[in-house]
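Engineer: Just one file: my_file-v8.pdb, with PDB, C-alpha atoms and all ligand atoms.
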```
ATOM      1  CA  THR A1297       0.000   0.000   0.000
ATOM      2  CA  HIS A1298       0.936   3.638  -0.291
ATOM      3  CA  PHE A1299       1.096   3.798   3.495
ATOM      4  CA  GLY A1300       3.412   0.800   3.502
ATOM      5  CA  PHE A1301       5.843   2.483   1.123
ATOM      6  CA  GLU A1302       5.795   5.655   3.147
ATOM      7  CA  THR A1303       6.596   3.756   6.323
ATOM      8  CA  VAL A1304       9.495   1.919   4.699
ATOM      9  CA  ALA A1305      10.874   5.192   3.265
ATOM     10  CA  GLU A1306      10.603   6.863   6.664
ATOM     11  CA  ALA A1307      12.269   3.972   8.445
ATOM     12  CA  LEU A1308      15.079   4.117   5.891
ATOM     13  CA  LYS A1309      15.511   7.841   6.424
ATOM     14  CA  GLU A1310      15.719   7.392  10.179
ATOM     15  CA  GLN A1311      18.224   4.571   9.758
ATOM     16  CA  ARG A1312      20.257   6.669   7.321
ATOM     17  CA  VAL A1313      20.367   9.629   9.731
ATOM     18  CA  ARG A1314      21.406   7.271  12.510
ATOM     19  CA  GLY A1315      24.202   5.842  10.355
ATOM     20  CA  VAL A1316      25.448   9.263   9.295
ATOM     21  CA  PHE A1317      25.776  10.506  12.861
ATOM     22  CA  SER A1318      27.242   7.272  14.181
ATOM     23  CA  SER A1319      29.924   7.429  11.539
ATOM     24  CA  VAL A1320      30.749  11.099  12.175
ATOM     25  CA  ALA A1321      30.378  11.126  16.011
ATOM     26  CA  SER A1322      34.083  11.073  16.820
ATOM     27  CA  SER A1323      35.132  13.432  13.991
ATOM     28  CA  TYR A1324      32.130  15.669  14.584
ATOM     29  CA  ASP A1325      34.039  18.827  15.595
ATOM     30  CA  SER A1326      36.504  18.689  12.746
ATOM     31  CA  MET A1327      33.591  18.113  10.384
ATOM     32  CA  ASN A1328      31.755  21.226  11.597
ATOM     33  CA  ASP A1329      34.918  23.282  11.549
ATOM     34  CA  PHE A1330      35.699  22.320   7.968
ATOM     35  CA  MET A1331      32.150  22.698   6.743
ATOM     36  CA  SER A1332      31.670  26.154   8.235
ATOM     37  CA  LEU A1333      35.313  27.324   8.306
ATOM     38  CA  GLY A1334      35.001  27.447  12.109
ATOM     39  CA  ILE A1335      32.080  29.874  11.994
ATOM     40  CA  HIS A1336      29.641  27.409  13.632
ATOM     41  CA  ARG A1337      31.358  28.175  16.960
ATOM     42  CA  LEU A1338      30.549  31.878  16.607
ATOM     43  CA  TRP A1339      26.958  31.117  15.588
ATOM     44  CA  LYS A1340      26.517  28.879  18.641
ATOM     45  CA  ASP A1341      28.031  31.542  20.937
ATOM     46  CA  HIS A1342      25.658  34.118  19.488
ATOM     47  CA  PHE A1343      22.645  31.764  19.771
ATOM     48  CA  VAL A1344      23.278  31.187  23.472
ATOM     49  CA  ARG A1345      24.157  34.802  24.316
ATOM     50  CA  ASN A1346      21.017  35.980  22.595
ATOM     51  CA  LEU A1347      18.800  33.553  24.570
ATOM     52  CA  ASN A1348      20.495  34.674  27.791
ATOM     53  CA  PRO A1349      19.741  31.486  29.754
ATOM     54  CA  GLY A1350      19.526  31.521  33.510
ATOM     55  CA  ARG A1351      17.567  33.218  36.205
ATOM     56  CA  ASN A1352      18.308  36.893  36.035
ATOM     57  CA  PRO A1353      15.570  38.953  37.694
ATOM     58  CA  LEU A1354      16.475  41.929  35.501
ATOM     59  CA  THR A1355      16.139  40.166  32.156
ATOM     60  CA  SER A1356      13.805  37.269  32.878
ATOM     61  CA  PRO A1357      11.504  38.062  35.791
ATOM     62  CA  LEU A1358       9.207  35.133  34.904
ATOM     63  CA  ALA A1359      11.766  32.392  35.451
ATOM     64  CA  ASP A1360      11.186  30.661  38.749
ATOM     65  CA  GLN A1361      13.610  30.569  41.654
ATOM     66  CA  LYS A1362      15.116  27.284  40.583
ATOM     67  CA  GLY A1363      16.519  28.610  37.330
ATOM     68  CA  TRP A1364      15.518  27.489  33.871
ATOM     69  CA  ASN A1365      14.656  24.019  32.691
ATOM     70  CA  ILE A1366      16.290  23.798  29.287
ATOM     71  CA  LEU A1367      15.752  20.972  26.840
ATOM     72  CA  ASP A1368      18.388  20.766  24.118
ATOM     73  CA  ILE A1369      17.054  18.471  21.436
ATOM     74  CA  ALA A1370      19.423  16.759  19.004
ATOM     75  CA  GLY A1371      22.007  17.983  21.478
ATOM     76  CA  GLY A1372      24.500  15.294  20.477
ATOM     77  CA  THR A1373      27.918  16.229  21.664
ATOM     78  CA  GLY A1374      26.713  18.809  24.201
ATOM     79  CA  ASP A1375      27.991  21.870  22.354
ATOM     80  CA  ILE A1376      24.910  23.967  23.110
ATOM     81  CA  ALA A1377      24.316  22.533  26.600
ATOM     82  CA  PHE A1378      27.796  23.390  27.902
ATOM     83  CA  ARG A1379      27.499  26.926  26.548
ATOM     84  CA  MET A1380      24.044  27.323  28.177
ATOM     85  CA  LEU A1381      25.324  26.211  31.571
ATOM     86  CA  ASP A1382      28.433  28.412  31.299
ATOM     87  CA  HIS A1383      26.293  31.416  30.401
ATOM     88  CA  ALA A1384      23.788  30.818  33.216
ATOM     89  CA  SER A1385      26.592  30.305  35.752
ATOM     90  CA  HIS A1386      29.012  33.063  34.771
ATOM     91  CA  ILE A1387      26.827  35.747  33.198
ATOM     92  CA  ASN A1388      23.632  35.345  35.219
ATOM     93  CA  ASN A1389      25.155  33.975  38.430
ATOM     94  CA  ASP A1390      22.648  31.151  38.341
ATOM     95  CA  ALA A1391      23.747  27.783  39.675
ATOM     96  CA  HIS A1392      20.327  26.121  39.282
ATOM     97  CA  THR A1393      19.530  26.293  35.578
ATOM     98  CA  ASN A1394      19.714  22.781  34.161
ATOM     99  CA  VAL A1395      19.915  21.262  30.703
ATOM    100  CA  THR A1396      18.584  17.948  29.448
ATOM    101  CA  VAL A1397      20.397  16.893  26.294
ATOM    102  CA  ALA A1398      18.216  14.615  24.188
ATOM    103  CA  ASP A1399      19.411  12.844  21.065
ATOM    104  CA  ILE A1400      18.257   9.846  19.050
ATOM    105  CA  ASN A1401      21.796   8.582  18.546
ATOM    106  CA  PRO A1402      23.588   6.782  21.410
ATOM    107  CA  ASP A1403      27.008   7.316  19.775
ATOM    108  CA  MET A1404      26.547  11.087  19.722
ATOM    109  CA  LEU A1405      25.345  10.991  23.357
ATOM    110  CA  ALA A1406      28.363   8.894  24.357
ATOM    111  CA  GLU A1407      30.635  11.506  22.754
ATOM    112  CA  GLY A1408      28.743  14.255  24.628
ATOM    113  CA  LYS A1409      29.086  12.429  27.954
ATOM    114  CA  LYS A1410      32.794  11.941  27.336
ATOM    115  CA  ARG A1411      33.188  15.649  26.623
ATOM    116  CA  SER A1412      31.200  16.616  29.702
ATOM    117  CA  LEU A1413      34.034  15.133  31.783
ATOM    118  CA  GLN A1414      36.119  18.150  30.717
ATOM    119  CA  THR A1415      33.460  20.547  32.104
ATOM    120  CA  PRO A1416      32.388  21.385  35.675
ATOM    121  CA  TYR A1417      28.974  19.834  34.933
ATOM    122  CA  ALA A1418      29.947  16.167  34.714
ATOM    123  CA  ARG A1419      27.926  14.184  37.282
ATOM    124  CA  SER A1420      26.088  17.358  38.250
ATOM    125  CA  PRO A1421      22.271  17.259  38.464
ATOM    126  CA  ARG A1422      22.368  20.306  36.157
ATOM    127  CA  LEU A1423      23.209  18.165  33.139
ATOM    128  CA  ARG A1424      21.585  14.953  31.965
ATOM    129  CA  PHE A1425      21.622  12.986  28.744
ATOM    130  CA  VAL A1426      18.626  11.064  27.434
ATOM    131  CA  GLU A1427      18.191   8.977  24.325
ATOM    132  CA  ALA A1428      15.018  10.212  22.662
ATOM    133  CA  ASN A1429      13.378  10.939  19.347
ATOM    134  CA  ALA A1430      12.333  14.607  19.048
ATOM    135  CA  GLU A1431       8.997  13.416  17.667
ATOM    136  CA  LYS A1432       8.095  11.473  20.812
ATOM    137  CA  LEU A1433       9.356  12.969  24.063
ATOM    138  CA  ASP A1434       7.295  10.800  26.408
ATOM    139  CA  MET A1435       9.749  11.200  29.289
ATOM    140  CA  ILE A1436       9.294  15.012  29.304
ATOM    141  CA  PRO A1437       6.076  16.143  31.056
ATOM    142  CA  ASP A1438       3.670  18.685  29.498
ATOM    143  CA  GLY A1439       4.428  22.325  30.295
ATOM    144  CA  SER A1440       7.698  21.640  32.107
ATOM    145  CA  ILE A1441      10.314  23.409  29.957
ATOM    146  CA  ASP A1442      11.335  27.106  29.922
ATOM    147  CA  LEU A1443      13.546  26.938  26.846
ATOM    148  CA  TYR A1444      13.611  24.338  24.060
ATOM    149  CA  THR A1445      16.647  24.530  21.785
ATOM    150  CA  VAL A1446      17.550  22.606  18.681
ATOM    151  CA  ALA A1447      20.782  23.379  16.834
ATOM    152  CA  PHE A1448      21.534  21.850  13.452
ATOM    153  CA  GLY A1449      19.139  19.021  14.221
ATOM    154  CA  ILE A1450      15.638  19.682  12.943
ATOM    155  CA  ARG A1451      16.482  19.315   9.268
ATOM    156  CA  ASN A1452      17.208  15.641   9.973
ATOM    157  CA  PHE A1453      13.836  14.920  11.561
ATOM    158  CA  THR A1454      11.430  12.796   9.546
ATOM    159  CA  HIS A1455       8.306  14.701  10.676
ATOM    160  CA  LYS A1456       9.309  18.260  11.553
ATOM    161  CA  ASP A1457       5.664  19.222  12.206
ATOM    162  CA  VAL A1458       5.322  16.429  14.795
ATOM    163  CA  ALA A1459       8.567  17.533  16.496
ATOM    164  CA  LEU A1460       7.295  21.133  16.606
ATOM    165  CA  LYS A1461       4.045  19.945  18.242
ATOM    166  CA  GLU A1462       6.089  18.031  20.842
ATOM    167  CA  ALA A1463       8.132  21.195  21.483
ATOM    168  CA  TYR A1464       4.881  23.072  22.026
ATOM    169  CA  ARG A1465       3.562  20.387  24.390
ATOM    170  CA  VAL A1466       6.623  20.287  26.673
ATOM    171  CA  LEU A1467       7.057  24.086  26.937
ATOM    172  CA  LYS A1468       5.503  26.139  29.734
ATOM    173  CA  PRO A1469       3.227  29.009  28.681
ATOM    174  CA  GLY A1470       5.667  31.844  27.922
ATOM    175  CA  GLY A1471       8.373  29.274  27.164
ATOM    176  CA  VAL A1472      10.568  29.766  24.122
ATOM    177  CA  PHE A1473      11.308  27.512  21.158
ATOM    178  CA  ALA A1474      14.658  28.438  19.573
ATOM    179  CA  CYS A1475      16.218  26.792  16.562
ATOM    180  CA  LEU A1476      19.636  27.326  14.993
ATOM    181  CA  GLU A1477      19.788  25.721  11.561
ATOM    182  CA  PHE A1478      21.321  26.064   8.127
ATOM    183  CA  SER A1479      19.082  28.203   5.972
ATOM    184  CA  LYS A1480      18.993  30.024   2.629
ATOM    185  CA  VAL A1481      21.654  32.530   1.572
ATOM    186  CA  GLU A1482      20.017  35.793   0.508
ATOM    187  CA  ASN A1483      22.651  37.403  -1.751
ATOM    188  CA  PRO A1484      22.586  35.654  -5.179
ATOM    189  CA  LEU A1485      26.304  36.139  -5.851
ATOM    190  CA  PHE A1486      27.344  34.862  -2.442
ATOM    191  CA  ASN A1487      24.861  32.025  -2.880
ATOM    192  CA  ALA A1488      26.569  30.922  -6.131
ATOM    193  CA  VAL A1489      29.905  30.647  -4.304
ATOM    194  CA  TYR A1490      28.257  28.918  -1.339
ATOM    195  CA  GLN A1491      26.589  26.321  -3.570
ATOM    196  CA  GLN A1492      29.926  25.516  -5.215
ATOM    197  CA  TRP A1493      31.503  25.133  -1.793
ATOM    198  CA  SER A1494      28.677  22.910  -0.525
ATOM    199  CA  PHE A1495      28.232  20.561  -3.437
ATOM    200  CA  ASN A1496      31.741  20.457  -4.874
ATOM    201  CA  ALA A1497      34.061  20.922  -1.901
ATOM    202  CA  ILE A1498      32.373  19.549   1.213
ATOM    203  CA  PRO A1499      31.914  15.898   0.123
ATOM    204  CA  TYR A1500      35.620  15.761  -0.822
ATOM    205  CA  ILE A1501      36.692  17.353   2.438
ATOM    206  CA  GLY A1502      34.531  14.721   4.181
ATOM    207  CA  GLN A1503      36.359  12.054   2.251
ATOM    208  CA  MET A1504      39.735  13.459   3.308
ATOM    209  CA  VAL A1505      38.952  14.266   6.939
ATOM    210  CA  ALA A1506      36.718  11.331   7.853
ATOM    211  CA  GLY A1507      37.117   8.977   4.892
ATOM    212  CA  ASP A1508      33.362   9.222   4.421
ATOM    213  CA  LYS A1509      32.071  11.039   1.348
ATOM    214  CA  ALA A1510      28.501   9.682   1.475
ATOM    215  CA  SER A1511      27.659  11.077   4.924
ATOM    216  CA  TYR A1512      28.858  14.540   3.947
ATOM    217  CA  GLN A1513      26.934  14.337   0.684
ATOM    218  CA  TYR A1514      23.819  13.563   2.762
ATOM    219  CA  LEU A1515      24.473  16.563   5.028
ATOM    220  CA  VAL A1516      24.816  18.948   2.074
ATOM    221  CA  GLU A1517      21.629  17.617   0.473
ATOM    222  CA  SER A1518      19.672  17.860   3.718
ATOM    223  CA  ILE A1519      20.670  21.537   3.972
ATOM    224  CA  ALA A1520      19.521  22.209   0.399
ATOM    225  CA  ARG A1521      16.152  20.509   1.052
ATOM    226  CA  PHE A1522      15.413  22.446   4.266
ATOM    227  CA  PRO A1523      12.652  25.113   3.928
ATOM    228  CA  SER A1524      13.412  28.816   3.545
ATOM    229  CA  GLN A1525      13.397  31.202   6.512
ATOM    230  CA  GLU A1526       9.811  32.335   5.841
ATOM    231  CA  GLU A1527       8.502  28.811   5.243
ATOM    232  CA  PHE A1528      10.062  27.479   8.420
ATOM    233  CA  SER A1529       8.693  30.399  10.420
ATOM    234  CA  GLY A1530       5.253  29.488   9.022
ATOM    235  CA  MET A1531       5.698  25.900  10.255
ATOM    236  CA  ILE A1532       6.511  27.183  13.748
ATOM    237  CA  ARG A1533       3.362  29.325  13.640
ATOM    238  CA  ASP A1534       1.293  26.349  12.441
ATOM    239  CA  ALA A1535       2.393  24.394  15.526
ATOM    240  CA  GLY A1536       0.676  27.066  17.672
ATOM    241  CA  PHE A1537       3.566  29.373  18.557
ATOM    242  CA  LEU A1538       3.481  33.156  18.568
ATOM    243  CA  ILE A1539       6.186  34.547  16.314
ATOM    244  CA  PRO A1540       8.178  37.422  17.834
ATOM    245  CA  GLY A1541       8.948  40.227  15.309
ATOM    246  CA  LYS A1542      10.131  38.935  11.956
ATOM    247  CA  GLY A1543      10.527  35.461  13.455
ATOM    248  CA  TYR A1544      14.122  34.813  12.491
ATOM    249  CA  GLU A1545      17.601  36.268  12.404
ATOM    250  CA  ASN A1546      19.988  35.505   9.547
ATOM    251  CA  LEU A1547      23.578  34.637  10.388
ATOM    252  CA  THR A1548      26.291  35.133   7.745
ATOM    253  CA  ASP A1549      23.727  36.274   5.145
ATOM    254  CA  GLY A1550      21.442  33.299   5.812
ATOM    255  CA  ILE A1551      23.935  30.410   5.701
ATOM    256  CA  ALA A1552      22.359  29.791   9.093
ATOM    257  CA  ALA A1553      19.359  31.347  10.825
ATOM    258  CA  ILE A1554      17.905  31.507  14.323
ATOM    259  CA  HIS A1555      14.142  30.981  14.455
ATOM    260  CA  LYS A1556      12.027  31.607  17.533
ATOM    261  CA  GLY A1557       8.508  30.936  18.711
ATOM    262  CA  VAL A1558       6.830  31.645  22.038
ATOM    263  CA  LYS A1559       4.153  29.401  23.542
ATOM    264  CA  PRO A1560       1.152  31.588  24.398
TER     265      PRO A1560
HETATM  266  N1  LIG B1601      23.155  20.134  18.389
HETATM  267  C1  LIG B1601      24.484  19.592  18.140
HETATM  268  C2  LIG B1601      25.389  20.676  17.582
HETATM  269  O1  LIG B1601      24.878  21.718  17.214
HETATM  270  O2  LIG B1601      26.586  20.470  17.535
HETATM  271  C3  LIG B1601      24.428  18.356  17.235
HETATM  272  C4  LIG B1601      23.907  18.577  15.844
HETATM  273  S1  LIG B1601      24.083  17.191  14.770
HETATM  274  C5  LIG B1601      24.364  17.974  13.218
HETATM  275  C6  LIG B1601      22.451  16.580  14.560
HETATM  276  C7  LIG B1601      21.993  15.678  15.684
HETATM  277  O3  LIG B1601      20.602  15.402  15.507
HETATM  278  C8  LIG B1601      22.671  14.310  15.717
HETATM  279  O4  LIG B1601      23.277  14.130  16.968
HETATM  280  C9  LIG B1601      21.537  13.321  15.474
HETATM  281  O5  LIG B1601      21.699  12.092  16.140
HETATM  282  C10 LIG B1601      20.354  14.109  16.006
HETATM  283  N2  LIG B1601      19.032  13.664  15.522
HETATM  284  C11 LIG B1601      18.668  13.349  14.262
HETATM  285  N3  LIG B1601      17.371  12.999  14.209
HETATM  286  C12 LIG B1601      16.881  13.109  15.480
HETATM  287  C13 LIG B1601      15.606  12.915  16.068
HETATM  288  N4  LIG B1601      14.549  12.523  15.356
HETATM  289  N5  LIG B1601      15.465  13.133  17.398
HETATM  290  C14 LIG B1601      16.523  13.530  18.146
HETATM  291  N6  LIG B1601      17.756  13.738  17.641
HETATM  292  C15 LIG B1601      17.943  13.536  16.322
END
```
Rewrite the structure from the file as structure tokens, please.

Structural biologist:
Amino acid sequence: THFGFETVAEALKEQRVRGVFSSVASSYDSMNDFMSLGIHRLWKDHFVRNLNPGRNPLTSPLADQKGWNILDIAGGTGDIAFRMLDHASHINNDAHTNVTVADINPDMLAEGKKRSLQTPYARSPRLRFVEANAEKLDMIPDGSIDLYTVAFGIRNFTHKDVALKEAYRVLKPGGVFACLEFSKVENPLFNAVYQQWSFNAIPYIGQMVAGDKASYQYLVESIARFPSQEEFSGMIRDAGFLIPGKGYENLTDGIAAIHKGVKP
């Protein structure tokens, strides 16, 4: 049946995504550095600074006394989580804000746990890792999260609309959905160069750095298939979120973008 085909295709996609991230887990940082010329670190710093996590009565009077409950979906190697905890601790003097890192891939989580040993948050109740699919977060209660983040993850999800609904379910009223993801370059000239870089250089760099051309080819194609800034903002709205201002901020002319939604 049609349904049968769809299910097989979806299962294959999920398996493919799993394989890609298992095979890149240990070379994940070098991969990101090569693909973005190191800029992904600046984007992540900006993403976290802009969200300003942590209880700070001046900037976030609604956060409760215990700090923020942050859920970092597709959090893999902990890149966003460690930055969130550092920001809450050092900028907002908040030692209570906690982050749950959820990822579908146990190899990425294992890499994240290993890295956490180099941070002050290893074995701290402020940081936990859970294996979970963004489309089915059964272990996270309704209305329990202050900030839901997903960085460079959502384009890999099979049903983005279902994941957005789950984000909406787990957030508290007033809670924020924030997504950092590759997007569409706005300047046509810059875009021509960027497309050359993506399709002609990145798979070969992947071959050289990780000996794995196919995974990098998949990553480039998944970026090209991801909806435009406006379309993605519309999907966030369709899940029930209020869209603050324009709804997104372009980074490096739209190579990446930050999208936000607020649960009413
Ligand atoms: N957020 C991290 C960062 O910015 O460095 C990791 C991003 S990595 C490109 C994408 C992650 O999404 C992988 O760790 C992968 O396992 C995870 N992922 C893919 N599909 C998922 C799903 N349905 N639910 C949860 N995580 C998923």

Engineer: Atom C10 of ligand LIG 1601 (chain B) and CA of Ile1450 (chain A) are how many Å apart?

Structural biologist: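 It comes out at 7.9 Å.
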
Engineer: All residues within 6 Å of ligand LIG 1601 (chain B) are required, counting only C-alpha atoms and all ligand atoms; please report them as a PyMOL selection string.

Structural biologist: chain A and resi 1317+1369-1373+1375+1399-1401+1404+1428-1430+1447-1449+1452-1453

Engineer: For the structure provided, state which residues fall under the PyMOL selection byres (((chain A and resi 1368) around 7) and not hetatm), and present them as a compact mmCIF listing (two decimals) with C-alpha atoms, keeping the file's coordinate frame.

Structural biologist:
```
# COMPACT_ATOMS: atom_id res chain seq x y z
CA ILE A 1366 16.29 23.80 29.29
CA LEU A 1367 15.75 20.97 26.84
CA ILE A 1369 17.05 18.47 21.44
CA ALA A 1370 19.42 16.76 19.00
CA GLY A 1371 22.01 17.98 21.48
CA ALA A 1377 24.32 22.53 26.60
CA VAL A 1395 19.92 21.26 30.70
CA THR A 1396 18.58 17.95 29.45
CA VAL A 1397 20.40 16.89 26.29
CA ALA A 1398 18.22 14.62 24.19
CA TYR A 1444 13.61 24.34 24.06
CA THR A 1445 16.65 24.53 21.78
CA VAL A 1446 17.55 22.61 18.68
```

Engineer: Under the PyMOL selection byres (((chain A and resi 1330-1335) around 9) and not hetatm), which residues of this model are included? Write them out as a ChimeraX atom specification.

Structural biologist: /A:1325-1329,1336-1340,1493-1494,1498,1501-1502,1505,1548

Engineer: Just C-alpha atoms for this one: save the residues we selected as a PDB file, keeping the file's coordinate frame.

Structural biologist:
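Below is the file that was written, selection_28.pdb:
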```pdb
ATOM      1  CA  ASP A1325      34.039  18.827  15.595  1.00  0.00           C
ATOM      2  CA  SER A1326      36.504  18.689  12.746  1.00  0.00           C
ATOM      3  CA  MET A1327      33.591  18.113  10.384  1.00  0.00           C
ATOM      4  CA  ASN A1328      31.755  21.226  11.597  1.00  0.00           C
ATOM      5  CA  ASP A1329      34.918  23.282  11.549  1.00  0.00           C
ATOM      6  CA  HIS A1336      29.641  27.409  13.632  1.00  0.00           C
ATOM      7  CA  ARG A1337      31.358  28.175  16.960  1.00  0.00           C
ATOM      8  CA  LEU A1338      30.549  31.878  16.607  1.00  0.00           C
ATOM      9  CA  TRP A1339      26.958  31.117  15.588  1.00  0.00           C
ATOM     10  CA  LYS A1340      26.517  28.879  18.641  1.00  0.00           C
ATOM     11  CA  TRP A1493      31.503  25.133  -1.793  1.00  0.00           C
ATOM     12  CA  SER A1494      28.677  22.910  -0.525  1.00  0.00           C
ATOM     13  CA  ILE A1498      32.373  19.549   1.213  1.00  0.00           C
ATOM     14  CA  ILE A1501      36.692  17.353   2.438  1.00  0.00           C
ATOM     15  CA  GLY A1502      34.531  14.721   4.181  1.00  0.00           C
ATOM     16  CA  VAL A1505      38.952  14.266   6.939  1.00  0.00           C
ATOM     17  CA  THR A1548      26.291  35.133   7.745  1.00  0.00           C
TER      18      THR A1548
END
```

Engineer: Between CA of Phe1478 (chain A) and CA of Glu1407 (chain A), what is the distance, to one decimal in Å?

Structural biologist: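 So the two atoms, CA of Phe1478 (chain A) and CA of Glu1407 (chain A), lie 22.6 Å apart.
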
Engineer: Taking the file as I've supplied it (selection: the PyMOL selection byres (((chain A and resi 1382) around 12) and not hetatm)), which residues are included? Please answer as an NGL selection string.

Structural biologist: :A and (1341 or 1344-1345 or 1348-1350 or 1375-1381 or 1383-1395 or 1415-1417 or 1422-1423)

Engineer: When you count all atoms listed in the file, which of these residues is closest to Glu1462 (chain A): A:Leu1547, A:Ile1436, A:Cys1475, A:Leu1413?

Structural biologist: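 Counting all atoms listed in the file, the residue closest to Glu1462 (chain A) is A:Ile1436.
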
Engineer: So how far away is CA of Arg1411 (chain A) from CA of Tyr1514 (chain A), in Å?

Structural biologist: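 Rounded to one decimal, the two atoms are 25.7 Å apart.
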
Engineer: Determine the nearest neighbour of Gly1543 (chain A) from the options A:Val1313, A:Leu1347, A:Ala1474, A:Leu1460, counting all atoms listed in the file.

Structural biologist: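 So, comparing all the options, the nearest one is A:Ala1474.
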
Engineer: What's around Gln1513 (chain A) at 8 Å? Count only C-alpha atoms, leave out sequence neighbours fewer than 3 positions away in its own chain, and write the answer as a list in words.

Structural biologist: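 Skipping anything fewer than 3 positions along the chain leaves Phe1495, Ile1498, Pro1499, Lys1509, Ala1510, Val1516 and Glu1517 of chain A.
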
Engineer: Measuring between all atoms listed in the file, which one of A:Arg1424, A:Lys1559, A:Lys1432, A:Arg1533 shows the shortest distance to Leu1467 (chain A)?

Structural biologist: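 Closest to Leu1467 (chain A) of all the choices is A:Lys1559.
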
Engineer: Grab all the atoms of region 1486-1499 of chain A that the file lists, wrap them in a box along x, y and z, add 5 Å per side, and give me centre plus edge lengths in Å (one decimal) as lines of an AutoDock Vina configuration file.

Structural biologist:
```
center_x = 29.5
center_y = 25.4
center_z = -2.5
size_x = 19.2
size_y = 29.0
size_z = 17.3
```

Engineer: Given only C-alpha atoms as the basis, pick out the residue of A:Ala1418, A:Val1466, A:Lys1409, A:Val1472 nearest to Leu1433 (chain A).

Structural biologist: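 Counting only C-alpha atoms, the residue closest to Leu1433 (chain A) is A:Val1466.
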
Engineer: Determine, counting only C-alpha atoms, every residue of protein, DNA or RNA that lies within 12 Å of (12.9, 39.7, 14.0) in the file coordinates, then give the result as a list in words.

Structural biologist: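 Residues lying no farther than 12 Å from the given point: Gln1525, Glu1526, Ser1529, Ile1539, Pro1540, Gly1541, Lys1542, Gly1543, Tyr1544, Glu1545, Asn1546, Ala1553, Ile1554, His1555, Lys1556 and Gly1557 of chain A.
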
Engineer: Of the residues A:Arg1521, A:Glu1477, A:Ala1506, A:Ile1441, which is the one nearest to Val1558 (chain A), using only C-alpha atoms?

Structural biologist: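 Closest to Val1558 (chain A), using only C-alpha atoms: A:Ile1441.
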
Engineer: Out of A:Thr1454, A:Gly1363, A:Ile1551, A:Val1489, which residue has the shortest atom-to-atom distance to Arg1314 (chain A) when counting all atoms listed in the file?

Structural biologist: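 Result for the nearest residue to Arg1314 (chain A): A:Thr1454.
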